[in-house]
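The structure appears below as structure tokens.
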2 protein chains.
Amino acid sequence: MTKSTRTPSVEITPGVLRAGIQILDTEGPDGFTVRALAVRAGVAPMAIYNHFDGLNGVLEALFTQGFSTLHEAVDIRTDNPLADFMSAGLAYRSFALENPGLYTIMFLHRFRNFEPSPAALYAAAMAHQALVAHVERCQESGLFPGVSPNDAAQVIWSACHGYVSLELIGINFSVKRDETYAVMLETLRDGFG
Amino acid sequence: MTKSTRTPSVEITPGVLRAGIQILDTEGPDGFTVRALAVRAGVAPMAIYNHFDGLNGVLEALFTQGFSTLHEAVDIRTDNPLADFMSAGLAYRSFALENPGLYTIMFLHRFRNFEPSPAALYAAAMAHQALVAHVERCQESGLFPGVSPNDAAQVIWSACHGYVSLELIGINFSVKRDETYAVMLETLRDGFG
DNA sequence: CATAACTGTAGAACAATGTTCTATACTTGT
DNA sequence: ACAAGTATAGAACATTGTTCTACAGTTATG
């Protein structure tokens, strides 16, 4: 009686995605290869082509998953719009620091021959809309007058993304990083009036 | 009489660097290969190893050159500190959009096996110091009270980098990009008080 | 001018990569 | 029990970074 070495179909897709995240978290983009994915997921290299559209298919799936998770992370709603706005800013950074692998695919590395599909970019746009909604709710409470919600959301996203990306790639000259990030969010809040 | 096919030593280094920038500007990181560099610079592939420390050596040189150029671009000094601060913000974006190849190496792509050396990171720190100086000069004029110049510089850099990097990788939902960028700089200026 | 030291070039070679193909063997549904 | 579907192993190919070697053009020195 020999133990089967064959992975059931339904376990392959999630297993490969989990392996991809692990590899990116621990080894970075360099380790993200077909053979490494197969080894870590315990499947044959061919599985990457049978269950995804090659390496790009895996990247596409993780790209979309990343923006969905980010969307959920910043979609905070209590009865205090301004507090929610600040919480979303903090949640953005937490997502990035806790999911460096996904963040790498989403923003920090252009993989060979990979271009996110329109469907994947739609997931990114939805995450952006969550920020727009925060600004709109603040404006309904009389805050942030005179700025377009879309522009304000882009400004916030830019600042948050810029901060965490500089942090992740090792070009951040702040000593107390949590405090400097808080200063940034407060500066934006005050700057929007 | 056959025309010489040999490139004089002194022309090789600058030629390879120029070729590298051209490749990154037109084809992106995927096209940045030893053989492509050699073809475009009109030298032998071996030149990349004789004149640089392989592909990483070329990246290192371009990384450092990028931060030096960025440093010069934001190092603006008139008799109006606040205007200089705003000009530096605009100059940052101009640098990025005009030098997408260099910007890619500096911030947008983790090349295989490439880690910038301490000397290269020093060039990055010097560029950061130029921003710190802007904030300090504003504070000498009574502006931006109550914020650490280092923190303020990190906040500004984060916002500017975040904005242009989202722009360069195609995840920017602003319609009038120049105007939104201006709104961001004004928001930071006002937010710092 | 002649000769030696240096240096750029061409081309082969190697391991690792993404990708495709084929034959085999396991699983599942009827 | 049997047929259809699917996961696997392994070979194969082009391209990549890198190293090595033999050769030829350039430059410095006598």
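By order in the structure tokens, chains are A, B, ...; within a chain, residues start at 1; ligands start at 1, following the order shown.
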
Hey, could you make a per-residue contact list for chain A against chain C with 9 Å as the cut-off, showing the nearest pair of atoms and its distance in Å to one decimal, counting only C-alpha atoms (C1' of nucleotides), sorted by chain and number, as a Markdown table?
```
| residue | atom | partner | partner_atom | distance |
| --- | --- | --- | --- | --- |
| A:Ser4 | CA | C:DC26 | C1' | 8.5 |
| A:Arg6 | CA | C:DC26 | C1' | 7.4 |
| A:Pro8 | CA | C:DT27 | C1' | 8.6 |
| A:Thr33 | CA | C:DT17 | C1' | 7.8 |
| A:Val34 | CA | C:DG18 | C1' | 7.6 |
| A:Tyr49 | CA | C:DT19 | C1' | 8.9 |
| A:Gly54 | CA | C:DT19 | C1' | 8.3 |
| A:Leu55 | CA | C:DG18 | C1' | 8.1 |
```

Take the selection from the previous step and output its residues with N, CA and C atoms, as a compact mmCIF listing (two decimals), in the first residue's frame.
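Just written: selection09.txt:
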```txt
# COMPACT_ATOMS: atom_id res chain seq x y z
N SER A 4 -0.88 7.85 -1.91
CA SER A 4 -1.05 8.53 -3.19
C SER A 4 -0.24 9.82 -3.23
N ARG A 6 -0.94 12.00 -5.63
CA ARG A 6 -1.73 12.85 -6.50
C ARG A 6 -2.64 13.78 -5.69
N PRO A 8 -5.89 16.04 -5.10
CA PRO A 8 -7.25 16.20 -5.64
C PRO A 8 -7.41 17.55 -6.33
N THR A 33 8.86 31.24 -9.05
CA THR A 33 9.04 30.51 -10.30
C THR A 33 8.04 29.36 -10.38
N VAL A 34 7.82 28.87 -11.57
CA VAL A 34 6.89 27.76 -11.77
C VAL A 34 7.30 26.56 -10.92
N TYR A 49 -0.13 25.21 -15.42
CA TYR A 49 -0.66 25.48 -16.77
C TYR A 49 -2.05 24.88 -16.95
N GLY A 54 -0.70 29.71 -16.90
CA GLY A 54 0.72 29.86 -16.65
C GLY A 54 1.00 30.74 -15.45
N LEU A 55 2.24 31.20 -15.35
CA LEU A 55 2.64 32.03 -14.22
C LEU A 55 1.82 33.32 -14.17
```

Contact set, chain A to chain D: 8 Å, only C-alpha atoms (C1' of nucleotides), as a PyMOL selection string:
chain A and resi 6-7+44+47

Give me, as JSON lines, the closest atom pair and its distance (Å, one decimal) for every residue of chain B within a cut-off of 7 Å of chain A, counting only C-alpha atoms, rows sorted by chain and rising number.
```
{"residue": "B:Asp30", "atom": "CA", "partner": "A:Arg112", "partner_atom": "CA", "distance": 5.7}
{"residue": "B:Leu108", "atom": "CA", "partner": "A:Leu108", "partner_atom": "CA", "distance": 5.5}
{"residue": "B:His109", "atom": "CA", "partner": "A:His109", "partner_atom": "CA", "distance": 4.4}
{"residue": "B:Arg110", "atom": "CA", "partner": "A:His109", "partner_atom": "CA", "distance": 5.8}
{"residue": "B:Arg112", "atom": "CA", "partner": "A:Asp30", "partner_atom": "CA", "distance": 5.7}
{"residue": "B:Asn150", "atom": "CA", "partner": "A:Ser174", "partner_atom": "CA", "distance": 6.9}
{"residue": "B:Asp151", "atom": "CA", "partner": "A:Thr180", "partner_atom": "CA", "distance": 5.7}
{"residue": "B:Gln154", "atom": "CA", "partner": "A:Ser174", "partner_atom": "CA", "distance": 6.6}
{"residue": "B:Val155", "atom": "CA", "partner": "A:Met184", "partner_atom": "CA", "distance": 5.7}
{"residue": "B:Ser158", "atom": "CA", "partner": "A:Gly162", "partner_atom": "CA", "distance": 4.2}
{"residue": "B:Ala159", "atom": "CA", "partner": "A:Ala159", "partner_atom": "CA", "distance": 3.8}
{"residue": "B:His161", "atom": "CA", "partner": "A:Gly162", "partner_atom": "CA", "distance": 5.4}
{"residue": "B:Gly162", "atom": "CA", "partner": "A:Gly162", "partner_atom": "CA", "distance": 3.6}
{"residue": "B:Tyr163", "atom": "CA", "partner": "A:Ser158", "partner_atom": "CA", "distance": 4.6}
{"residue": "B:Phe173", "atom": "CA", "partner": "A:Gln154", "partner_atom": "CA", "distance": 6.8}
{"residue": "B:Ser174", "atom": "CA", "partner": "A:Asp151", "partner_atom": "CA", "distance": 6.2}
{"residue": "B:Thr180", "atom": "CA", "partner": "A:Asp151", "partner_atom": "CA", "distance": 5.7}
{"residue": "B:Met184", "atom": "CA", "partner": "A:Val155", "partner_atom": "CA", "distance": 5.7}
{"residue": "B:Thr187", "atom": "CA", "partner": "A:Gly191", "partner_atom": "CA", "distance": 4.4}
{"residue": "B:Leu188", "atom": "CA", "partner": "A:Gly191", "partner_atom": "CA", "distance": 5.8}
{"residue": "B:Asp190", "atom": "CA", "partner": "A:Gly191", "partner_atom": "CA", "distance": 4.8}
{"residue": "B:Gly191", "atom": "CA", "partner": "A:Gly191", "partner_atom": "CA", "distance": 3.6}
{"residue": "B:Phe192", "atom": "CA", "partner": "A:Thr187", "partner_atom": "CA", "distance": 5.9}
```

Report as a PyMOL selection string: the residues of region 51-190 of chain A with a DSSP assignment of helix (DSSP H, G or I), based on the backbone of this structure.
chain A and resi 51+54-74+81-98+100-108+118-140+149-169+177-190

What does the structure give for the distance between CA of Ala73 (chain A) and CA of Phe85 (chain A), in Å to one decimal?
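Value for the CA of Ala73 (chain A)-CA of Phe85 (chain A) distance: 12.1 Å.
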
Rounded to one decimal, what separation in Å do you get between CA of Asp75 (chain A) and CA of Asn56 (chain A)?
28.4 Å

Hey, can you check how far CA of Ala41 (chain A) sits from CA of Ser117 (chain A)?
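The value is 24.9 Å.
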